[in-house]
Amino acid sequence: MKKIFIQFISLSLVLLVSSYITAADDEPSEGQMAPDFTITQMDGSQFKLSDYRGKQPVYLVFWNTWCTYCMKKIPKLKDAQENLIDDIKIIAVNTSLKDSVEKSKKFQKQFSINYPLAFDHGKKVTDLYGVWGTPTEFIIDINGVIRHRDGVPDELRDHLTLWQTSQSAKVVASTDCDKEKLPC
């Protein structure tokens, strides 16, 4: 009986690890085209990522009301919304994990958030982007290519020219990416 139990545990661990590795391989990463999505913002308007292709880079951040690291991002996002509104589009998506629309609206008011918020009912966008922790940030350039998955530079203004450059470059559809070539 003990041997069967150990085999069961071993098999369960193998399945768990392999599903995690497979999921990690499916996550959109730097150099890949950002998956398109449409989401309703807290003000009731629609945000569609592909509407910004060819027009403006997008700063996409996944967050939650209870996430202290997310709270630390608020000043940076508010500043960008105030000073770079014509240069980069910000959209902050609540993953809906242990959260509600009501909590999100209260959070928005409490922190005087000036950038667009959305609530991901059913975690569709959260899952599409392989988000498992918050905050998770993406910079998507004007071509729809992911330039950063986390590690977003503190000084956005210094990188806007690169993110706003329209290129007709080949984008790799896999996770293999030569960091010397942009976009990959």
# chains A, B, ... in the order shown; residues from 1 in each chain; ligands from 1
call {"tool": "select_by_dssp", "arguments": {"residues": "stretch 16-177 of chain A", "states": "strand (DSSP E)", "output": "VMD selection string"}}
result
chain A and resid 38 to 40 46 to 48 58 to 63 89 to 94 117 to 119 136 to 140 146 to 149
call {"tool": "residues_around", "arguments": {"residues": "A:Thr136", "least_positions_apart": "2", "cutoff": "6 Å", "atoms": "only C-alpha atoms", "output": "list of chain:residue names"}}
result
A:Val61, A:Phe62, A:Thr134, A:Asp150
call {"tool": "closest_residue", "arguments": {"among": "A:Glu102, A:Asp36, A:Asp87, A:Glu137", "to": "A:Thr165", "atoms": "only C-alpha atoms"}}
result
A:Asp87
call {"tool": "atom_distance", "arguments": {"atom1": "atom CA of A:Asp43", "atom2": "atom CA of A:Ile113"}}
result
12.5 Å
call {"tool": "residues_around", "arguments": {"residues": "A:Lys48", "least_positions_apart": "4", "cutoff": "8 Å", "atoms": "only C-alpha atoms", "output": "list in words"}}
result
Asp36, Phe37, Thr38, Ile39 and Tyr52 of chain A
call {"tool": "closest_atom_pairs", "arguments": {"of": "stretch 118-138 of chain A", "to": "stretch 29-33 of chain A", "cutoff": "12 Å", "atoms": "only C-alpha atoms", "output": "tab-separated table"}}
result
residue	atom	partner	partner_atom	distance
A:Leu128	CA	A:Ser29	CA	11.7
A:Tyr129	CA	A:Ser29	CA	8.8
A:Gly130	CA	A:Ser29	CA	9.5
A:Val131	CA	A:Ser29	CA	11.2
A:Thr136	CA	A:Ser29	CA	11.8
A:Glu137	CA	A:Ser29	CA	11.0
A:Phe138	CA	A:Glu30	CA	8.8
call {"tool": "write_last_selection", "arguments": {"atoms": "N, CA and C atoms", "output": "short mmCIF file (atom, residue, chain, number, x, y, z; two decimals), in the first residue's frame"}}
result
data_model
loop_
_atom_site.label_atom_id
_atom_site.label_comp_id
_atom_site.auth_asym_id
_atom_site.auth_seq_id
_atom_site.Cartn_x
_atom_site.Cartn_y
_atom_site.Cartn_z
N LEU A 128 -5.04 34.41 -21.00
CA LEU A 128 -4.48 34.59 -22.35
C LEU A 128 -3.02 35.04 -22.27
N TYR A 129 -2.71 35.87 -21.27
CA TYR A 129 -1.36 36.40 -21.10
C TYR A 129 -0.51 35.59 -20.12
N GLY A 130 -1.04 34.48 -19.64
CA GLY A 130 -0.26 33.61 -18.76
C GLY A 130 0.13 34.27 -17.45
N VAL A 131 -0.73 35.11 -16.93
CA VAL A 131 -0.44 35.83 -15.69
C VAL A 131 -0.79 34.94 -14.50
N THR A 136 1.91 42.04 -13.09
CA THR A 136 2.61 41.57 -14.28
C THR A 136 2.41 42.65 -15.33
N GLU A 137 3.52 43.13 -15.89
CA GLU A 137 3.47 44.26 -16.80
C GLU A 137 3.97 43.87 -18.19
N PHE A 138 3.39 44.50 -19.19
CA PHE A 138 3.80 44.32 -20.58
C PHE A 138 3.91 45.69 -21.23
#
call {"tool": "closest_residue", "arguments": {"among": "A:Cys67, A:Ile140, A:Leu49, A:Leu156", "to": "A:Leu97", "atoms": "only C-alpha atoms"}}
result
A:Cys67
call {"tool": "closest_residue", "arguments": {"among": "A:Leu160, A:Gly151, A:Gln56, A:Ser112", "to": "A:Pro75", "atoms": "only C-alpha atoms"}}
result
A:Ser112
call {"tool": "residues_around", "arguments": {"residues": "A:Ser96", "least_positions_apart": "6", "cutoff": "8 Å", "atoms": "only C-alpha atoms", "output": "list in words"}}
result
Asn64, Phe119, Asp120, His121, Gly122 and Lys123 of chain A
call {"tool": "closest_residue", "arguments": {"among": "A:Thr161, A:Gln110, A:Gln41, A:Thr68", "to": "A:Asn94", "atoms": "only C-alpha atoms"}}
result
A:Gln41
call {"tool": "select_by_dssp", "arguments": {"residues": "stretch 18-181 of chain A", "states": "helix (DSSP H, G or I)", "output": "ChimeraX atom specification"}}
result
/A:18-26,49-52,68-83,101-110,121-128,156-163
call {"tool": "write_last_selection", "arguments": {"atoms": "C-alpha atoms", "output": "compact mmCIF listing (two decimals), in the first residue's frame"}}
result
# COMPACT_ATOMS: atom_id res chain seq x y z
CA SER A 18 4.92 19.04 -16.78
CA SER A 19 1.68 21.06 -16.83
CA TYR A 20 3.54 24.03 -15.34
CA ILE A 21 6.31 23.78 -17.95
CA THR A 22 3.77 23.50 -20.75
CA ALA A 23 1.85 26.50 -19.42
CA ALA A 24 5.04 28.55 -19.11
CA ASP A 25 5.89 27.77 -22.75
CA ASP A 26 2.52 29.15 -23.83
CA LEU A 49 -5.59 46.03 -28.10
CA SER A 50 -5.42 45.84 -31.90
CA ASP A 51 -7.01 49.32 -32.14
CA TYR A 52 -3.64 50.72 -31.04
CA THR A 68 0.99 45.69 -2.21
CA TYR A 69 3.46 45.59 -5.13
CA CYS A 70 0.65 46.79 -7.40
CA MET A 71 0.11 49.75 -5.09
CA LYS A 72 3.77 50.67 -5.45
CA LYS A 73 3.26 50.97 -9.25
CA ILE A 74 0.44 53.51 -8.91
CA PRO A 75 2.61 56.69 -8.82
CA LYS A 76 4.51 55.59 -11.96
CA LEU A 77 1.29 54.80 -13.81
CA LYS A 78 -0.41 58.02 -12.70
CA ASP A 79 2.60 60.05 -13.82
CA ALA A 80 2.70 58.31 -17.19
CA GLN A 81 -1.03 58.88 -17.69
CA GLU A 82 -0.65 62.54 -16.85
CA ASN A 83 2.54 63.28 -18.80
CA VAL A 101 -15.72 45.23 -9.34
CA GLU A 102 -16.90 47.03 -6.21
CA LYS A 103 -13.49 46.66 -4.53
CA SER A 104 -11.81 47.86 -7.74
CA LYS A 105 -13.98 50.99 -7.92
CA LYS A 106 -13.29 51.75 -4.25
CA PHE A 107 -9.56 51.22 -4.89
CA GLN A 108 -9.71 53.56 -7.90
CA LYS A 109 -11.31 56.29 -5.81
CA GLN A 110 -9.08 55.73 -2.76
CA HIS A 121 -14.50 38.74 -15.53
CA GLY A 122 -13.68 35.04 -15.85
CA LYS A 123 -9.90 35.73 -16.06
CA LYS A 124 -9.97 35.42 -19.88
CA VAL A 125 -7.33 38.07 -20.59
CA THR A 126 -5.34 37.09 -17.50
CA ASP A 127 -5.15 33.49 -18.74
CA LEU A 128 -4.48 34.59 -22.35
CA LEU A 156 9.26 55.30 -19.96
CA ARG A 157 10.06 58.50 -21.84
CA ASP A 158 13.60 57.27 -22.58
CA HIS A 159 12.23 54.28 -24.52
CA LEU A 160 9.22 55.76 -26.31
CA THR A 161 11.04 56.33 -29.59
CA LEU A 162 11.87 52.63 -29.87
CA TRP A 163 8.35 51.55 -28.88
